[in-house]
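Below: one structure, written as structure tokens.
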There are 2 protein chains.
Amino acid sequence: MEIIASVAAIPLFRGLTPEQYDQLGTIATVQQFERGQTIFSEGAAGAGFFVVQSGRVKIYKLSIDGKEQILHVFGPGEPFAEVAVFLGAPFPAHAMALERSSCYFFPRAAFTGLIASNPSLAMNMLASLSIRLRQFAHMIEDLSLKEVPGRLAAHLLFLSSQQDGGDRLRLHITKAQLASLLGTIPETLSRILAKLQKQGIIAADGAEITIIDRERLEELASGEARL
Amino acid sequence: MEIIASVAAIPLFRGLTPEQYDQLGTIATVQQFERGQTIFSEGAAGAGFFVVQSGRVKIYKLSIDGKEQILHVFGPGEPFAEVAVFLGAPFPAHAMALERSSCYFFPRAAFTGLIASNPSLAMNMLASLSIRLRQFAHMIEDLSLKEVPGRLAAHLLFLSSQQDGGDRLRLHITKAQLASLLGTIPETLSRILAKLQKQGIIAADGAEITIIDRERLEELASGEARL
DNA sequence: CGCTGCGTTGAGCTTCTTCAACGATCGTGG
DNA sequence: CCACGATCGTTGAAGAAGCTCAACGCAGCG
């Protein structure tokens with residue numbers, strides 16, 4: 001089983017014993033999704049959870065008139081839809097593959113069995129959910145207390161730190177998706193990117209963005225400054 | 001120890017054995033807070049987590065210019081600040097007692113020890129965090145995809161279901177706090193409440209609110225209708 | 001070559017916030 | 001018992017931020 005070996009590389013499962021990897025590898029299956037394919041819809045029964053193996057997956061909500069708010073974009077090694085496992089409840093949001101992606105799938109019943117007998121797996125899971133919770137709290141804070149330029153600035157700084165920490169960074173999603181992630185629309189995002197460039201704070205070339213005045217960007221992100 | 005007996009009544013600890021209650025009661029202490037007293041501030045070291053015994057506690061974020069976004073208002077039996085336990089990280093938000101309140105406090109190290117040896121406690125905790133996560137996802141959805149009337153309508157329906165499920169409900173927080181919970185300001189909330197009354201959808205008398213046209217309220221909450 | 005998705009720009013409008021003033025209530029201290 | 005201040009809630013007028021609608025350029029791809 002090659003699954004077993006690759007499961008061991010998932011951060012969520014760090015620090016487990018070889019036997020535990022075996023168990024995980026035994027219950028896991030791999031699923032393939034095409035770009036744009038729906039992985040599950042809000043309200044569907046949650047039979048288990050996923051971990052991205054390759055590709056990119058968005059988790060999102062839709063309003064009644066079709067507007068989208070992206071909650072997360074997950075890449076390799078990141079779990080999603082764990083909530084369904086621990087509540088035995090329907091998925092609370094939609095999931096779609098942004099590119100051709102493959103995901104491990106862990107069925108609910110088998111996984112909860114593993115947790116019950118593996119305290120360190122339980123602790124890993126608790127830490128993972130806690131991180132998620134903190135991210136959501138941050139998102140709520142941004143949506144409610146910052147304006148779009150502030151959210152964008154914070155996101156660019158986040159991307160910079162996620163990547164090499166330097167001033168040059170790449171967007172891994174389209175600008176329309178970035179807009180949805182920031183809780184706004186493409187038009188508004190486009191205008192604000194233009195403003196940031198005009199003011200010499202960043203330079204943008206397609207998905208390639210360069211931070212020119214990091215200090216001002218940080219002031220924007222913290223809410224000290226305005227555009 | 002009276003603590004042990006009362007700890008058993010906390011939903012988070014439902015289904016544990018008497019010995020487990022003993023252990024929990026042993027590590028728990030009780031803390032008293034006055035109305036308006038800060039329980040902890042964002043960024044402070046998280047030495048453990050709390051469960052409300054009596055009173056009411058708000059968890060909130062502040063912007064640089066003092067604007068507040070309430071993330072949660074917790075009442076008796078509800079845990080808060082668990083994230084600090086599982087990440088060993090600083091508190092990600094502020095906590096303040098809205099009334100004279102008392103809380104159980106569970107120190108981090110002792111509690112993680114209990115979790116490691118009590119799978120059902122771990123499962124309870126995972127379920128608790130999952131619920132929290134779902135609530136946050138809902139809040140993000142509301143903030144980003146609904147306008148204030150929709151958020152208010154959804155909250156009133158939520159309160160109705162939380163209470164007796166009937167058409168008569170009470171706000172347990174001030175309207176200024178409700179505004180902060182809904183991601184807006186008191187002025188806006190006041191105007192929208194007035195509109196809802198003028199249109200015969202609700203009747204409001206101070207903290208006492210009566211749903212008159214539940215159908216229209218549901219349409220507002222779902223985004224089908226506008227004011 | 002034309003289609004489709006992505007991104008940008010402009011004009012107008014809606015929603016919400018800001019600023020200011022004012023009434024009501026409540027607890028406290030004189 | 002009353003006066004006072006503080007908190008809370010309401011209302012009005014003006015302004016800002018962001019959304020909607022529409023048009024258009026551009027690139028990739030069948």
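Going by the structure tokens order, chains are called A, B, ..., each with residues numbered from 1, while ligands are numbered from 1 in the order shown.
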* Asked: So which residues touch segment 2-15 of chain C within 10 Å, counting only C-alpha atoms (C1' of nucleotides), skipping near sequence neighbours fewer than 5 positions away, as a PyMOL selection string?
  -> (chain A and resi 174-176+186-187+190-191+194+206) or (chain B and resi 147-148) or (chain D and resi 17-30)
* Going by DSSP on the backbone, which bits of segment 10-224 of chain A are alpha helix (DSSP H)? Write them as a PyMOL selection string, please. => chain A and resi 18-27+82-87+108-117+119-145+148-162+175-181+186-198+214-222
With the cut-off set at 6 Å and counting only C-alpha atoms, tabulate each residue of chain A with an atom at most that distance from an atom of chain B, showing the nearest atom pair and its distance in Å to one decimal, ordered by chain and increasing number, as JSON lines.
```
{"residue": "A:Ser63", "atom": "CA", "partner": "B:Leu145", "partner_atom": "CA", "distance": 5.9}
{"residue": "A:Val83", "atom": "CA", "partner": "B:Ser130", "partner_atom": "CA", "distance": 5.0}
{"residue": "A:Phe86", "atom": "CA", "partner": "B:Ala127", "partner_atom": "CA", "distance": 5.1}
{"residue": "A:Leu87", "atom": "CA", "partner": "B:Ala127", "partner_atom": "CA", "distance": 5.7}
{"residue": "A:Ala116", "atom": "CA", "partner": "B:Pro119", "partner_atom": "CA", "distance": 4.9}
{"residue": "A:Pro119", "atom": "CA", "partner": "B:Ala116", "partner_atom": "CA", "distance": 4.9}
{"residue": "A:Ala127", "atom": "CA", "partner": "B:Phe86", "partner_atom": "CA", "distance": 5.1}
{"residue": "A:Ser130", "atom": "CA", "partner": "B:Val83", "partner_atom": "CA", "distance": 5.0}
{"residue": "A:Leu133", "atom": "CA", "partner": "B:Leu133", "partner_atom": "CA", "distance": 5.9}
{"residue": "A:Ile140", "atom": "CA", "partner": "B:Ile140", "partner_atom": "CA", "distance": 5.9}
{"residue": "A:Ser144", "atom": "CA", "partner": "B:Gly183", "partner_atom": "CA", "distance": 5.6}
{"residue": "A:Leu145", "atom": "CA", "partner": "B:Ser63", "partner_atom": "CA", "distance": 5.9}
{"residue": "A:Gly183", "atom": "CA", "partner": "B:Ser144", "partner_atom": "CA", "distance": 5.6}
```
* Hey, list the chain D side of the contact with chain B: 10 Å cut-off, only C-alpha atoms (C1' of nucleotides), answer as a list in words. =>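 Residues satisfying the distance criterion: DC8, DG9, DT10 and DT11 of chain D.
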Write a file of the just-selected residues containing N, CA and C atoms (P, O5', C5', C4', C3', O3' and C1' of nucleotides), as a short mmCIF file (atom, residue, chain, number, x, y, z; two decimals), in the first residue's frame.
```cif
data_model
loop_
_atom_site.label_atom_id
_atom_site.label_comp_id
_atom_site.auth_asym_id
_atom_site.auth_seq_id
_atom_site.Cartn_x
_atom_site.Cartn_y
_atom_site.Cartn_z
P DC D 8 -24.31 50.77 28.41
"O5'" DC D 8 -25.74 51.09 27.78
"C5'" DC D 8 -26.89 50.95 28.59
"C4'" DC D 8 -28.09 51.49 27.86
"C3'" DC D 8 -28.15 51.07 26.39
"O3'" DC D 8 -29.34 50.33 26.18
"C1'" DC D 8 -28.61 53.39 26.65
P DG D 9 -29.58 49.58 24.79
"O5'" DG D 9 -30.47 50.61 23.99
"C5'" DG D 9 -31.73 50.99 24.54
"C4'" DG D 9 -32.27 52.17 23.79
"C3'" DG D 9 -32.35 51.99 22.27
"O3'" DG D 9 -33.72 51.98 21.90
"C1'" DG D 9 -31.50 54.13 22.86
P DT D 10 -34.14 51.72 20.38
"O5'" DT D 10 -34.34 53.19 19.80
"C5'" DT D 10 -35.20 54.08 20.48
"C4'" DT D 10 -35.07 55.47 19.89
"C3'" DT D 10 -35.22 55.54 18.37
"O3'" DT D 10 -36.40 56.29 18.09
"C1'" DT D 10 -33.42 56.89 19.15
P DT D 11 -37.05 56.27 16.64
"O5'" DT D 11 -36.39 57.54 15.96
"C5'" DT D 11 -36.66 58.84 16.48
"C4'" DT D 11 -35.74 59.86 15.84
"C3'" DT D 11 -35.70 59.82 14.30
"O3'" DT D 11 -36.27 61.01 13.81
"C1'" DT D 11 -33.54 60.11 15.28
#
```
* Asked: Counting only C-alpha atoms (C1' of nucleotides), which of A:Ala225, A:Leu217, A:Ile212, A:Ile173 gets nearest to chain C?
  -> A:Ile173
* Asked: Please, which residues of segment 25-219 of chain B, numbered as in this document, come out strand (DSSP E or B) from DSSP, as a ChimeraX atom specification?
  -> /B:29-33,38-40,48-54,57-62,68-74,79-80,94-97,101-107,168-170,202-205,208-211
* For atom CA of Ala203 of chain A and atom CA of Arg168 of chain A, the interatomic separation in Å (one decimal) ->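 So the answer is 9.4 Å.
With atom CA of Ala207 of chain A on one side and atom CA of Leu171 of chain A on the other, the separation reads 5.1 Å.
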* Structure fact -> The distance between atom CA of Asp164 of chain B and atom CA of Met96 of chain B is 27.5 Å
